[in-house]
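The structure file input.cif is reproduced below (mmCIF, C-alpha atoms).
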```
data_my_file
loop_
_atom_site.label_atom_id
_atom_site.label_comp_id
_atom_site.auth_asym_id
_atom_site.auth_seq_id
_atom_site.Cartn_x
_atom_site.Cartn_y
_atom_site.Cartn_z
CA MET A 1 -159.90 -24.94 64.29
CA GLU A 2 -159.53 -22.50 67.22
CA LEU A 3 -158.37 -25.31 69.50
CA VAL A 4 -155.56 -26.15 67.14
CA THR A 5 -154.30 -22.57 67.14
CA LEU A 6 -154.50 -22.39 70.93
CA LYS A 7 -152.49 -25.60 71.26
CA ARG A 8 -149.74 -24.09 69.11
CA PHE A 9 -149.35 -21.25 71.61
CA GLU A 10 -149.55 -23.49 74.69
CA LYS A 11 -145.88 -22.97 75.54
CA GLY A 12 -146.30 -19.19 75.30
CA PHE A 13 -149.25 -19.26 77.70
CA VAL A 14 -147.31 -21.33 80.23
CA THR A 15 -144.31 -19.00 79.91
CA ALA A 16 -146.54 -15.96 80.45
CA GLY A 17 -148.04 -17.66 83.50
CA TRP A 18 -144.64 -18.36 85.01
CA PHE A 19 -143.50 -14.78 84.35
CA GLY A 20 -146.70 -13.59 86.06
CA VAL A 21 -146.09 -15.74 89.14
CA ILE A 22 -142.40 -14.82 89.38
CA GLY A 23 -143.25 -11.14 88.89
CA GLY A 24 -145.86 -11.35 91.65
CA LEU A 25 -143.39 -12.99 94.02
CA CYS A 26 -140.83 -10.29 93.23
CA LEU A 27 -143.49 -7.68 94.01
CA LEU A 28 -144.14 -9.30 97.38
CA LEU A 29 -140.41 -9.39 98.05
CA LEU A 30 -140.04 -5.68 97.26
CA LEU A 31 -143.05 -4.83 99.41
CA ASN A 32 -141.70 -6.81 102.37
CA ILE A 33 -138.23 -5.28 102.06
CA THR A 34 -139.82 -1.83 101.97
CA LEU A 35 -141.90 -2.49 105.08
CA LEU A 36 -139.18 -4.20 107.10
CA THR A 37 -136.23 -1.90 106.39
CA ASN A 38 -138.14 1.37 105.97
CA ILE A 39 -136.20 2.01 102.75
CA ASP A 40 -138.37 3.24 99.89
CA LEU A 41 -137.92 0.69 97.11
CA THR A 42 -141.29 1.35 95.50
CA ASN A 43 -139.96 3.37 92.61
CA ASN A 44 -140.87 3.00 88.95
CA ASN A 45 -139.67 -0.61 88.83
CA PHE A 46 -142.32 -1.62 91.36
CA TYR A 47 -145.16 -0.20 89.28
CA LEU A 48 -143.65 -1.41 86.02
CA LEU A 49 -143.45 -4.92 87.42
CA MET A 50 -147.05 -4.68 88.63
CA TYR A 51 -148.27 -3.49 85.25
CA LEU A 52 -146.41 -6.35 83.54
CA THR A 53 -147.52 -9.07 85.95
CA ALA A 54 -151.25 -8.45 85.63
CA PRO A 55 -151.51 -8.70 81.80
CA LEU A 56 -149.20 -11.72 81.67
CA SER A 57 -151.39 -13.45 84.24
CA VAL A 58 -154.52 -12.62 82.25
CA ILE A 59 -152.89 -14.05 79.12
CA ALA A 60 -152.11 -17.24 81.04
CA LEU A 61 -155.81 -17.67 81.90
CA PHE A 62 -156.65 -18.57 78.29
CA SER A 63 -155.00 -21.98 78.39
CA LYS A 64 -156.10 -24.89 80.55
CA LYS A 65 -152.53 -25.87 81.47
CA SER A 66 -151.51 -22.40 82.59
CA ARG A 67 -154.78 -21.30 84.20
CA SER A 68 -153.58 -22.00 87.74
CA LEU A 69 -150.43 -19.95 87.12
CA GLY A 70 -152.54 -17.06 85.86
CA LEU A 71 -154.78 -17.22 88.91
CA TRP A 72 -151.76 -17.20 91.22
CA GLY A 73 -150.27 -14.17 89.48
CA LEU A 74 -153.56 -12.26 89.49
CA SER A 75 -154.26 -13.08 93.12
CA VAL A 76 -150.83 -11.79 94.19
CA VAL A 77 -151.30 -8.53 92.25
CA LEU A 78 -154.83 -8.13 93.65
CA PHE A 79 -153.54 -8.75 97.17
CA ILE A 80 -150.82 -6.12 96.77
CA MET A 81 -153.29 -3.56 95.43
CA ILE A 82 -155.78 -4.17 98.26
CA PHE A 83 -153.00 -4.19 100.87
CA THR A 84 -151.55 -0.91 99.59
CA GLY A 85 -154.99 0.70 99.58
CA ILE A 86 -155.81 -0.44 103.11
CA ILE A 87 -152.43 0.69 104.46
CA PHE A 88 -152.90 4.08 102.77
CA ILE A 89 -156.39 4.48 104.28
CA ILE A 90 -155.25 3.41 107.76
CA GLY A 91 -152.27 5.79 107.58
CA TRP A 92 -154.55 8.58 106.47
CA ILE A 93 -156.89 7.93 109.41
CA VAL A 94 -154.03 8.05 111.93
CA VAL A 95 -152.39 11.22 110.54
CA PRO A 96 -154.84 13.01 108.23
CA PHE A 97 -152.67 16.11 107.68
CA PRO A 98 -148.93 15.41 107.69
#
```

Show this structure as structure tokens.
Amino acid sequence: MELVTLKRFEKGFVTAGWFGVIGGLCLLLLLNITLLTNIDLTNNNFYLLMYLTAPLSVIALFSKKSRSLGLWGLSVVLFIMIFTGIIFIIGWIVVPFP
């Protein structure tokens, strides 16, 4: 019975997975533009997109067809979070008191 209800929402899971992947790629694009041009583009849209990408990727993990999309989206968000943390720590080591 549960499998039948999951198959009804298969298209929704795939759509959530694609939105997660596209959101993650947009996050990488914003991060690269910020680093290369030294223009601060990490405003509220950056964090809003990050907070939307992660749950959509988790939703995509529930279906077998969209599981790879969910893993891609989650891995991009995890990479961005780890990268931001490491860059913050390295910047804090170089100049501890700005």

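Comparing the minimum interatomic distances between A:Leu69 and each of A:Gly20, A:Ile89, A:Met50, A:Lys11, counting only C-alpha atoms, we find that A:Gly20 sits nearest.
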
Show me, as a CSV table (one decimal) with C-alpha atoms, in the coordinates of the input, the residues that have an atom within 12 Å of A:Gly12 when counting all atoms listed in the file, minus same-chain residues fewer than 2 positions from it.
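Listing of out26.csv after writing:
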```csv
chain,number,residue,atom,x,y,z
A,5,THR,CA,-154.3,-22.6,67.1
A,6,LEU,CA,-154.5,-22.4,70.9
A,7,LYS,CA,-152.5,-25.6,71.3
A,8,ARG,CA,-149.7,-24.1,69.1
A,9,PHE,CA,-149.4,-21.2,71.6
A,10,GLU,CA,-149.6,-23.5,74.7
A,14,VAL,CA,-147.3,-21.3,80.2
A,15,THR,CA,-144.3,-19.0,79.9
A,16,ALA,CA,-146.5,-16.0,80.4
A,17,GLY,CA,-148.0,-17.7,83.5
A,18,TRP,CA,-144.6,-18.4,85.0
A,19,PHE,CA,-143.5,-14.8,84.4
A,56,LEU,CA,-149.2,-11.7,81.7
A,57,SER,CA,-151.4,-13.4,84.2
A,59,ILE,CA,-152.9,-14.0,79.1
A,60,ALA,CA,-152.1,-17.2,81.0
A,61,LEU,CA,-155.8,-17.7,81.9
A,62,PHE,CA,-156.6,-18.6,78.3
A,63,SER,CA,-155.0,-22.0,78.4
A,65,LYS,CA,-152.5,-25.9,81.5
A,66,SER,CA,-151.5,-22.4,82.6
```

So, counting only C-alpha atoms, which residue among A:Leu36, A:Leu29, A:Ile93, A:Ala54 is closest to A:Ser75? A:Ala54

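Note that atom CA of A:Gly23 and atom CA of A:Thr53 are 5.6 Å apart.
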
Could you list, as a PDB file with C-alpha atoms, in the frame of the given file, every residue matched by the PyMOL selection byres ((chain A and resi 30) around 12) in this structure?
```
ATOM      1  CA  GLY A  23    -143.250 -11.140  88.890  1.00  0.00           C
ATOM      2  CA  GLY A  24    -145.860 -11.350  91.650  1.00  0.00           C
ATOM      3  CA  LEU A  25    -143.390 -12.990  94.020  1.00  0.00           C
ATOM      4  CA  CYS A  26    -140.830 -10.290  93.230  1.00  0.00           C
ATOM      5  CA  LEU A  27    -143.490  -7.680  94.010  1.00  0.00           C
ATOM      6  CA  LEU A  28    -144.140  -9.300  97.380  1.00  0.00           C
ATOM      7  CA  LEU A  29    -140.410  -9.390  98.050  1.00  0.00           C
ATOM      8  CA  LEU A  31    -143.050  -4.830  99.410  1.00  0.00           C
ATOM      9  CA  ASN A  32    -141.700  -6.810 102.370  1.00  0.00           C
ATOM     10  CA  ILE A  33    -138.230  -5.280 102.060  1.00  0.00           C
ATOM     11  CA  THR A  34    -139.820  -1.830 101.970  1.00  0.00           C
ATOM     12  CA  LEU A  35    -141.900  -2.490 105.080  1.00  0.00           C
ATOM     13  CA  LEU A  36    -139.180  -4.200 107.100  1.00  0.00           C
ATOM     14  CA  THR A  37    -136.230  -1.900 106.390  1.00  0.00           C
ATOM     15  CA  ASN A  38    -138.140   1.370 105.970  1.00  0.00           C
ATOM     16  CA  ILE A  39    -136.200   2.010 102.750  1.00  0.00           C
ATOM     17  CA  ASP A  40    -138.370   3.240  99.890  1.00  0.00           C
ATOM     18  CA  LEU A  41    -137.920   0.690  97.110  1.00  0.00           C
ATOM     19  CA  THR A  42    -141.290   1.350  95.500  1.00  0.00           C
ATOM     20  CA  ASN A  43    -139.960   3.370  92.610  1.00  0.00           C
ATOM     21  CA  ASN A  45    -139.670  -0.610  88.830  1.00  0.00           C
ATOM     22  CA  PHE A  46    -142.320  -1.620  91.360  1.00  0.00           C
ATOM     23  CA  TYR A  47    -145.160  -0.200  89.280  1.00  0.00           C
ATOM     24  CA  LEU A  49    -143.450  -4.920  87.420  1.00  0.00           C
ATOM     25  CA  MET A  50    -147.050  -4.680  88.630  1.00  0.00           C
ATOM     26  CA  ILE A  80    -150.820  -6.120  96.770  1.00  0.00           C
TER      27      ILE A  80
END
```
